[in-house]
Structures are given as structure tokens and as C-alpha cells.
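Beneath this line is the structure, given in C-alpha cells, with notes to follow.
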Amino acid sequence: MKKITGMMIYYYFVCHRKLWFFNNDLTMEHNSELVSIGKLIDETSYSREKKNILIEENINIDFIKDWKVIHEVKKSRKIEKASEWQLKYYLFLLKEKGIEIEKGILDYPLLRKREEVFLSDEDINKLKEVIKSIEEILGEKRPPQMTKKQICNKCAYYELCHI
Ligand code: SF4
């Protein structure tokens, strides 16, 4: 079983089917203009901070400040719940390694907004359930059933699901 990455946690809250495609290396995101825009934001924002810190292949933190606050940079608040859980997962993994991080911050440079994210004991229990559920989804031979959602129109897998 592959290590559960932050991106997997994110996709779990976006769409289980998308998570399955992603895990099976059906990556079409490079075709998406939105992803290119995201990369551009990433490259041009917060240039003075320590950026893109990779820990054990499954944590890729956008940037970290004094080992107290971790930041995740996003372009829009459309799927904020997924972004929050991705950041909580990073806080959880670092906590498991004995690194106590004070809080996470979701940064939206295009919107000039930020949101603080904290990890509670309840969140830890929920994350453990989510990890179990992700392992089950990834263990399936076929992708989960498609359910039409609002985000489908902007999803890189739109053609796989709807055409
Ligand atoms: S098009 Fe919709 S159902 Fe298909 S992977 Fe994307 S979000 Fe999920």
C-alpha cells in the first residue's frame, strides 16, 4: 500500500472517484489550466519563506515558519473543507513524529485572505477513520461510482466521467 499523501486526503474530501483515478496514475491534471495557474501562484508567492518541504514522501508542506506554523497556499476557497483536512493531516503526521506545530494557515494570496486551522483530538480520530476509508477505496479494482457534482465541470477527469 502506498503512503497516504496530503493530496490523497484532499481528493478524498473532493471526490472518491477522483482519488481512485489519481492513485492509479491516471493523472490528467497537467492538461488543466487551473493547475498551471496554481503552480504560478506557488512560484510567485511568499518568495522569502522556506518553501516546499518534503517529509518522507507524503508531506509536502508549502512553507513553514519557525517550525511553529505551516502554510498551505490555495488559489480559491471553493473546496475549503478538503484544504482544511489536508492541512490537518500534515499537523497530525508531524505530531506523530513528535513535532508539535502550533497551527496551520490556509493562504489565499489571490483573495488576500487566510484561515487558521487547528488539530483537535476529534480531528485525529476522524483522520484515522479517513485513512482507513482511503485504503479501502485504493484497494478496489474499479473506481467508485460516479455521482455528478458541481465541481465536475472544472475537474481534470471530466472527460473520463461524463463523455
Ligand atoms: S468529473 Fe466529477 S465524478 Fe469524475 S472524478 Fe471529477 S469530480 Fe469526480
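Residue numbering restarts at 1 in every chain; chains get A, B, ... in the order shown in the C-alpha cells, and ligands count up from 1 in that same order.
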Give me the residues of chain A that have any atom at most 7 Å from an atom of ligand 1; for each, the nearest atom pair and the distance in Å, rounded to one decimal. Use only C-alpha atoms and all ligand atoms, sort by chain and number, and format it as a tab-separated table.
```
residue	atom	partner	partner_atom_place_in_ligand_line	distance
A:Val14	CA	ligand 1	7 (S)	6.9
A:Cys15	CA	ligand 1	8 (Fe)	4.8
A:His16	CA	ligand 1	8 (Fe)	6.8
A:Arg17	CA	ligand 1	5 (S)	5.0
A:Lys18	CA	ligand 1	5 (S)	3.8
A:Met146	CA	ligand 1	3 (S)	4.7
A:Thr147	CA	ligand 1	3 (S)	5.4
A:Lys148	CA	ligand 1	3 (S)	5.7
A:Lys149	CA	ligand 1	2 (Fe)	5.8
A:Ile151	CA	ligand 1	7 (S)	5.6
A:Cys152	CA	ligand 1	2 (Fe)	3.6
A:Asn153	CA	ligand 1	1 (S)	6.7
A:Cys155	CA	ligand 1	6 (Fe)	4.6
A:Ala156	CA	ligand 1	6 (Fe)	6.5
A:Tyr157	CA	ligand 1	6 (Fe)	4.8
A:Tyr158	CA	ligand 1	1 (S)	3.9
A:Leu160	CA	ligand 1	4 (Fe)	6.8
A:Cys161	CA	ligand 1	4 (Fe)	4.7
A:His162	CA	ligand 1	1 (S)	6.8
```
Mind dumping the selected residues with N, CA and C atoms as a PDB file, in the first residue's frame?
```pdb
ATOM      1  N   VAL A  14     -12.762  15.769  -1.834  1.00  0.00           N
ATOM      2  CA  VAL A  14     -13.289  16.357  -3.078  1.00  0.00           C
ATOM      3  C   VAL A  14     -14.193  15.336  -3.773  1.00  0.00           C
ATOM      4  N   CYS A  15     -13.651  14.133  -4.012  1.00  0.00           N
ATOM      5  CA  CYS A  15     -14.398  13.103  -4.752  1.00  0.00           C
ATOM      6  C   CYS A  15     -13.629  11.784  -4.647  1.00  0.00           C
ATOM      7  N   HIS A  16     -14.307  10.727  -4.197  1.00  0.00           N
ATOM      8  CA  HIS A  16     -13.646   9.432  -4.014  1.00  0.00           C
ATOM      9  C   HIS A  16     -13.177   8.851  -5.353  1.00  0.00           C
ATOM     10  N   ARG A  17     -13.940   9.139  -6.388  1.00  0.00           N
ATOM     11  CA  ARG A  17     -13.593   8.625  -7.714  1.00  0.00           C
ATOM     12  C   ARG A  17     -12.301   9.297  -8.225  1.00  0.00           C
ATOM     13  N   LYS A  18     -12.207  10.571  -7.984  1.00  0.00           N
ATOM     14  CA  LYS A  18     -11.015  11.319  -8.371  1.00  0.00           C
ATOM     15  C   LYS A  18      -9.793  10.771  -7.625  1.00  0.00           C
ATOM     16  N   MET A 146     -19.743   7.011 -10.209  1.00  0.00           N
ATOM     17  CA  MET A 146     -19.732   8.451 -10.454  1.00  0.00           C
ATOM     18  C   MET A 146     -20.993   9.090  -9.883  1.00  0.00           C
ATOM     19  N   THR A 147     -20.852  10.141  -9.164  1.00  0.00           N
ATOM     20  CA  THR A 147     -22.019  10.952  -8.795  1.00  0.00           C
ATOM     21  C   THR A 147     -21.734  12.374  -9.254  1.00  0.00           C
ATOM     22  N   LYS A 148     -22.680  12.919  -9.983  1.00  0.00           N
ATOM     23  CA  LYS A 148     -22.474  14.267 -10.557  1.00  0.00           C
ATOM     24  C   LYS A 148     -22.408  15.302  -9.438  1.00  0.00           C
ATOM     25  N   LYS A 149     -21.378  16.117  -9.502  1.00  0.00           N
ATOM     26  CA  LYS A 149     -21.230  17.167  -8.501  1.00  0.00           C
ATOM     27  C   LYS A 149     -20.993  18.486  -9.216  1.00  0.00           C
ATOM     28  N   ILE A 151     -18.481  20.397  -8.831  1.00  0.00           N
ATOM     29  CA  ILE A 151     -17.076  20.568  -9.213  1.00  0.00           C
ATOM     30  C   ILE A 151     -16.700  19.765 -10.464  1.00  0.00           C
ATOM     31  N   CYS A 152     -17.568  18.840 -10.914  1.00  0.00           N
ATOM     32  CA  CYS A 152     -17.241  18.006 -12.084  1.00  0.00           C
ATOM     33  C   CYS A 152     -16.857  18.870 -13.293  1.00  0.00           C
ATOM     34  N   ASN A 153     -17.555  19.974 -13.476  1.00  0.00           N
ATOM     35  CA  ASN A 153     -17.313  20.816 -14.654  1.00  0.00           C
ATOM     36  C   ASN A 153     -15.882  21.322 -14.726  1.00  0.00           C
ATOM     37  N   CYS A 155     -13.308  19.683 -13.227  1.00  0.00           N
ATOM     38  CA  CYS A 155     -12.408  18.592 -12.859  1.00  0.00           C
ATOM     39  C   CYS A 155     -11.622  18.119 -14.083  1.00  0.00           C
ATOM     40  N   ALA A 156     -10.344  17.795 -13.860  1.00  0.00           N
ATOM     41  CA  ALA A 156      -9.493  17.326 -14.957  1.00  0.00           C
ATOM     42  C   ALA A 156      -9.971  15.983 -15.516  1.00  0.00           C
ATOM     43  N   TYR A 157     -10.764  15.245 -14.716  1.00  0.00           N
ATOM     44  CA  TYR A 157     -11.256  13.928 -15.165  1.00  0.00           C
ATOM     45  C   TYR A 157     -12.643  14.006 -15.799  1.00  0.00           C
ATOM     46  N   TYR A 158     -13.096  15.186 -16.082  1.00  0.00           N
ATOM     47  CA  TYR A 158     -14.447  15.371 -16.608  1.00  0.00           C
ATOM     48  C   TYR A 158     -14.722  14.436 -17.788  1.00  0.00           C
ATOM     49  N   LEU A 160     -13.367  11.640 -18.576  1.00  0.00           N
ATOM     50  CA  LEU A 160     -13.430  10.231 -18.177  1.00  0.00           C
ATOM     51  C   LEU A 160     -14.789   9.877 -17.581  1.00  0.00           C
ATOM     52  N   CYS A 161     -15.407  10.825 -16.911  1.00  0.00           N
ATOM     53  CA  CYS A 161     -16.666  10.547 -16.211  1.00  0.00           C
ATOM     54  C   CYS A 161     -17.906  10.876 -17.024  1.00  0.00           C
ATOM     55  N   HIS A 162     -17.826  11.898 -17.841  1.00  0.00           N
ATOM     56  CA  HIS A 162     -19.067  12.438 -18.421  1.00  0.00           C
ATOM     57  C   HIS A 162     -19.176  12.307 -19.931  1.00  0.00           C
TER      58      HIS A 162
END
```
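Closest approach to Glu102 in chain A among A:Asp25, A:Asp66, A:Glu159, A:Glu140: A:Asp66, based on only C-alpha atoms.
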CA of Glu80 in chain A to CA of Phe22 in chain A, straight-line distance in Å:
19.5 Å
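For range 67-113 of chain A, backbone-based DSSP labels the following residues as strand (DSSP E): Val69, Ile70, His71, Glu72, Val73, Lys103, Gly104, Ile105, Leu106, Asp107, Tyr108 and Lys113 of chain A.
Counting only C-alpha atoms, Glu116 in chain A has the following residues at most 12 Å away, ignoring those fewer than 5 positions along the same chain: Val69, Ile70, His71, Glu72, Glu80, Ser83, Glu84, Leu87, Lys88, Glu102, Lys103, Gly104, Ile105, Leu106, Asp107 and Tyr108 of chain A.
Non-sequential neighbours of Asp121 in chain A (distance at most 12 Å, separation of 4 or more positions within a chain, only C-alpha atoms) are Lys88, Leu91, Phe92, Lys95, Asn125, Lys126, Leu127 and Lys128 of chain A.
Excluding Ile53 in chain A itself and any same-chain residue fewer than 3 positions from it, the protein and nucleic acid residues within 12 Å of it, counting only C-alpha atoms, are Glu49, Lys50, Glu56, Glu57, Asn58, Ile59, Asn60, Ile61, Asp62, Phe63, Ile64, Lys65, Trp67, Ile70, His71, Glu72 and Tyr90 of chain A.
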Requested write-out: C-alpha atoms of the selected residues, as a PDB file, in the first residue's frame:
```
ATOM      1  CA  GLU A  49       9.836  31.795   3.094  1.00  0.00           C
ATOM      2  CA  LYS A  50      11.225  28.253   3.236  1.00  0.00           C
ATOM      3  CA  GLU A  56       9.008  11.164   3.978  1.00  0.00           C
ATOM      4  CA  GLU A  57       7.444  11.492   0.536  1.00  0.00           C
ATOM      5  CA  ASN A  58       3.940  12.042   1.872  1.00  0.00           C
ATOM      6  CA  ILE A  59       4.127  15.501   3.410  1.00  0.00           C
ATOM      7  CA  ASN A  60       4.852  18.328   1.002  1.00  0.00           C
ATOM      8  CA  ILE A  61       4.449  21.490   3.016  1.00  0.00           C
ATOM      9  CA  ASP A  62       4.136  24.685   1.014  1.00  0.00           C
ATOM     10  CA  PHE A  63       6.115  26.587   3.598  1.00  0.00           C
ATOM     11  CA  ILE A  64       6.891  26.606   7.292  1.00  0.00           C
ATOM     12  CA  LYS A  65       7.633  29.433   9.679  1.00  0.00           C
ATOM     13  CA  TRP A  67       8.737  25.246  12.907  1.00  0.00           C
ATOM     14  CA  ILE A  70       2.755  25.529   8.485  1.00  0.00           C
ATOM     15  CA  HIS A  71       1.184  27.122   5.457  1.00  0.00           C
ATOM     16  CA  GLU A  72      -0.746  25.691   2.554  1.00  0.00           C
ATOM     17  CA  TYR A  90       0.081  17.459   7.967  1.00  0.00           C
TER      18      TYR A  90
END
```
